[in-house]
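A.B. asks: Quick one: the structure is below, and I'll ask about it shortly.
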Amino acid sequence: MIGFWTLFEKEMLRFWKVAFQTVAAPVLTALLYLLIFGHVLEDHVRVHGVPYTSFLIPGLVMMQVLQNAFANSSSSLIQAKITGSIVFVLLPPIPYSAFFAAYVLAAMVRGLMVGVGVLLATVWFVDLQVVAPLWIVAFAVISGALFGALGMIAGIWVEKFDQLAAFQNFLIMPLTMLSGVFYSIYTLPGFWQGVSHYNPVFYMIDGFRYGFFGVSDVSPLLSFGIVFASFAAVTLLTLHLLKRGWKLRG
């Protein structure tokens, strides 16, 4: 537990010392998305009977939770590998499960902090209701943890920053942007609706949005089951890589 809390504290301090970049900047980005898309489409689009700006806010919150949870764990590992400081984490007798838990929990905390910041910054623009708060918390926590674990896989696999940028640009960004953040998938042609159902991020955002409005494209129970299964799969893979020391111990 000492090793876990030490690593967790290190990861928390790492992003909190530059909170203007790691927390405030993503909040500003989400606010700009809201101002631009909300201003253009508010009077023209309603989704499930919900005004477009209200519909958009939960999607922006979850998008920032996911992207920042991923960024925290992935950037931490790649920085440690490039600078060589990863050896100071690997040498102490810290169980790989504690290593995993500390990095994922810190990533989840950063993602949730940004998500709360986005919610507080945008809620003034609409009268945002909350129908099922437990679903909101459940989807935010499990989704942040999933992307924190996915960020660990990326950080373990990549060897330089441009590889990490490729991982973000060609996997994380498409998964989040094409998941229903800005639209309901049922506004898409039939083929693309089917494709969207293979995107796990769609279920995260759809379930999270259900907590606010009580309407969704898919049952929140089904969405949570899919997200939890994805988290379990990613967790097992990450623990396996940590146990082997793949690309960490040379």
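Within each chain, counting starts at residue 1; across the structure tokens, chains are named A, B, ... in the order shown, with ligands numbered 1 upward in that order.
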Enumerate, as an NGL selection string, the complete set of residues in segment 14-241 of chain A that a backbone-based DSSP assignment places in helix (DSSP H, G or I).

C.D. replies: :A and (14-16 or 19-41 or 52-83 or 86-90 or 96-125 or 133-157 or 161-177 or 185-187 or 190-196 or 200-213 or 220-241)

A.B. asks: Report as a ChimeraX atom specification all protein, DNA and RNA residues lying within 8 Å of segment 107-123 of chain A, evaluated on only C-alpha atoms, omitting residues in the same chain fewer than 3 positions from it.

C.D. replies: /A:12,15,23-24,26-28,30-31,34,57-58,60-62,64-73,103-104,126-128,140-141,144-145,148

A.B. asks: Those residues with N, CA and C atoms, as an mmCIF file, in the first residue's frame please?

C.D. replies:
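Done, and the output landed in part.cif:
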data_model
loop_
_atom_site.group_PDB
_atom_site.id
_atom_site.type_symbol
_atom_site.label_atom_id
_atom_site.label_comp_id
_atom_site.auth_asym_id
_atom_site.auth_seq_id
_atom_site.Cartn_x
_atom_site.Cartn_y
_atom_site.Cartn_z
ATOM 1 N N MET A 12 -0.603 12.359 -9.126
ATOM 2 C CA MET A 12 -1.481 13.492 -8.860
ATOM 3 C C MET A 12 -0.702 14.801 -8.905
ATOM 4 N N PHE A 15 0.322 16.115 -12.608
ATOM 5 C CA PHE A 15 -0.583 16.914 -13.440
ATOM 6 C C PHE A 15 -1.096 18.151 -12.710
ATOM 7 N N VAL A 23 -5.843 20.906 -16.745
ATOM 8 C CA VAL A 23 -7.238 20.980 -16.324
ATOM 9 C C VAL A 23 -7.954 22.166 -16.966
ATOM 10 N N ALA A 24 -7.370 23.362 -16.853
ATOM 11 C CA ALA A 24 -8.046 24.556 -17.354
ATOM 12 C C ALA A 24 -8.149 24.575 -18.878
ATOM 13 N N PRO A 26 -8.342 22.052 -21.182
ATOM 14 C CA PRO A 26 -9.436 21.240 -21.723
ATOM 15 C C PRO A 26 -10.814 21.821 -21.444
ATOM 16 N N VAL A 27 -10.986 22.468 -20.300
ATOM 17 C CA VAL A 27 -12.276 23.106 -19.998
ATOM 18 C C VAL A 27 -12.550 24.211 -21.010
ATOM 19 N N LEU A 28 -11.540 25.005 -21.311
ATOM 20 C CA LEU A 28 -11.696 26.076 -22.301
ATOM 21 C C LEU A 28 -12.033 25.507 -23.681
ATOM 22 N N ALA A 30 -13.611 22.698 -24.396
ATOM 23 C CA ALA A 30 -15.003 22.255 -24.391
ATOM 24 C C ALA A 30 -15.954 23.441 -24.451
ATOM 25 N N LEU A 31 -15.600 24.513 -23.764
ATOM 26 C CA LEU A 31 -16.447 25.710 -23.769
ATOM 27 C C LEU A 31 -16.526 26.313 -25.170
ATOM 28 N N LEU A 34 -18.880 24.272 -27.246
ATOM 29 C CA LEU A 34 -20.265 24.569 -26.897
ATOM 30 C C LEU A 34 -20.721 25.888 -27.502
ATOM 31 N N ILE A 57 -23.952 19.199 -23.960
ATOM 32 C CA ILE A 57 -23.114 19.340 -22.768
ATOM 33 C C ILE A 57 -22.653 18.000 -22.189
ATOM 34 N N PRO A 58 -23.522 17.009 -21.951
ATOM 35 C CA PRO A 58 -23.021 15.731 -21.417
ATOM 36 C C PRO A 58 -21.994 15.063 -22.330
ATOM 37 N N LEU A 60 -19.841 16.597 -24.308
ATOM 38 C CA LEU A 60 -18.577 17.308 -24.143
ATOM 39 C C LEU A 60 -17.909 16.948 -22.826
ATOM 40 N N VAL A 61 -18.706 16.811 -21.763
ATOM 41 C CA VAL A 61 -18.139 16.431 -20.470
ATOM 42 C C VAL A 61 -17.470 15.079 -20.557
ATOM 43 N N MET A 62 -18.179 14.088 -21.105
ATOM 44 C CA MET A 62 -17.611 12.746 -21.189
ATOM 45 C C MET A 62 -16.414 12.698 -22.128
ATOM 46 N N GLN A 64 -14.186 14.976 -22.619
ATOM 47 C CA GLN A 64 -13.021 15.495 -21.909
ATOM 48 C C GLN A 64 -12.564 14.544 -20.803
ATOM 49 N N VAL A 65 -13.498 13.864 -20.146
ATOM 50 C CA VAL A 65 -13.122 12.855 -19.145
ATOM 51 C C VAL A 65 -12.257 11.784 -19.799
ATOM 52 N N LEU A 66 -12.695 11.273 -20.934
ATOM 53 C CA LEU A 66 -11.987 10.185 -21.609
ATOM 54 C C LEU A 66 -10.627 10.634 -22.117
ATOM 55 N N GLN A 67 -10.591 11.736 -22.816
ATOM 56 C CA GLN A 67 -9.340 12.181 -23.423
ATOM 57 C C GLN A 67 -8.297 12.543 -22.374
ATOM 58 N N ASN A 68 -8.716 13.123 -21.273
ATOM 59 C CA ASN A 68 -7.745 13.529 -20.252
ATOM 60 C C ASN A 68 -7.307 12.359 -19.383
ATOM 61 N N ALA A 69 -8.178 11.398 -19.145
ATOM 62 C CA ALA A 69 -7.756 10.187 -18.441
ATOM 63 C C ALA A 69 -6.711 9.444 -19.267
ATOM 64 N N PHE A 70 -6.954 9.328 -20.561
ATOM 65 C CA PHE A 70 -5.983 8.676 -21.438
ATOM 66 C C PHE A 70 -4.668 9.442 -21.464
ATOM 67 N N ALA A 71 -4.749 10.752 -21.599
ATOM 68 C CA ALA A 71 -3.539 11.571 -21.709
ATOM 69 C C ALA A 71 -2.691 11.485 -20.453
ATOM 70 N N ASN A 72 -3.329 11.377 -19.285
ATOM 71 C CA ASN A 72 -2.565 11.388 -18.047
ATOM 72 C C ASN A 72 -1.672 10.161 -17.914
ATOM 73 N N SER A 73 -2.234 8.982 -18.063
ATOM 74 C CA SER A 73 -1.438 7.769 -17.875
ATOM 75 C C SER A 73 -0.467 7.548 -19.023
ATOM 76 N N TYR A 103 -1.716 4.358 -11.302
ATOM 77 C CA TYR A 103 -1.751 5.117 -12.550
ATOM 78 C C TYR A 103 -3.191 5.311 -13.035
ATOM 79 N N VAL A 104 -3.999 4.262 -12.967
ATOM 80 C CA VAL A 104 -5.376 4.360 -13.457
ATOM 81 C C VAL A 104 -6.204 5.275 -12.563
ATOM 82 N N VAL A 126 -27.550 26.617 -19.983
ATOM 83 C CA VAL A 126 -28.823 25.919 -20.143
ATOM 84 C C VAL A 126 -29.369 25.557 -18.765
ATOM 85 N N ASP A 127 -30.615 25.155 -18.752
ATOM 86 C CA ASP A 127 -31.219 24.604 -17.541
ATOM 87 C C ASP A 127 -31.078 23.091 -17.625
ATOM 88 N N LEU A 128 -29.968 22.573 -17.149
ATOM 89 C CA LEU A 128 -29.634 21.153 -17.318
ATOM 90 C C LEU A 128 -30.233 20.346 -16.166
ATOM 91 N N ALA A 140 -19.201 7.857 -15.622
ATOM 92 C CA ALA A 140 -18.011 8.708 -15.571
ATOM 93 C C ALA A 140 -16.831 7.965 -14.960
ATOM 94 N N VAL A 141 -17.072 7.237 -13.870
ATOM 95 C CA VAL A 141 -15.993 6.536 -13.175
ATOM 96 C C VAL A 141 -15.457 5.381 -14.006
ATOM 97 N N GLY A 144 -13.685 6.676 -17.233
ATOM 98 C CA GLY A 144 -12.385 7.267 -16.941
ATOM 99 C C GLY A 144 -11.347 6.217 -16.621
ATOM 100 N N ALA A 145 -11.750 5.197 -15.851
ATOM 101 C CA ALA A 145 -10.826 4.108 -15.523
ATOM 102 C C ALA A 145 -10.430 3.330 -16.775
ATOM 103 N N GLY A 148 -8.005 5.389 -18.693
ATOM 104 C CA GLY A 148 -6.745 5.430 -17.969
ATOM 105 C C GLY A 148 -5.935 4.167 -18.219
#

A.B. asks: If you count only C-alpha atoms, which residues fall within 10 Å of Val50 of chain A, apart from same-chain ones fewer than 6 positions away, as a ChimeraX atom specification?

C.D. replies: /A:56,213,215

A.B. asks: Any chance you could export the current selection's C-alpha atoms as a compact mmCIF listing (two decimals), in the first residue's frame?

C.D. replies:
# COMPACT_ATOMS: atom_id res chain seq x y z
CA LEU A 56 -24.37 18.63 -26.30
CA PHE A 213 -32.32 13.36 -19.62
CA VAL A 215 -33.58 9.15 -22.77

A.B. asks: Just the number, please: distance in Å from atom CA of Ser223 of chain A to atom CA of Thr238 of chain A, one decimal.

C.D. replies: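 Spanning atom CA of Ser223 of chain A to atom CA of Thr238 of chain A is a straight-line distance of 22.4 Å.
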
A.B. asks: Excluding same-chain residues fewer than 5 positions from Met177 of chain A, what lies within 9 Å of it counting only C-alpha atoms, as a list in words?

C.D. replies: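 The residues satisfying every condition are Met63, Ile172 and Phe182 of chain A.
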
A.B. asks: Measure the distance from atom CA of Ala80 of chain A to atom CA of Ser97 of chain A in Å and round it to one decimal.

C.D. replies: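 Going from atom CA of Ala80 of chain A over to atom CA of Ser97 of chain A, I get 18.4 Å.
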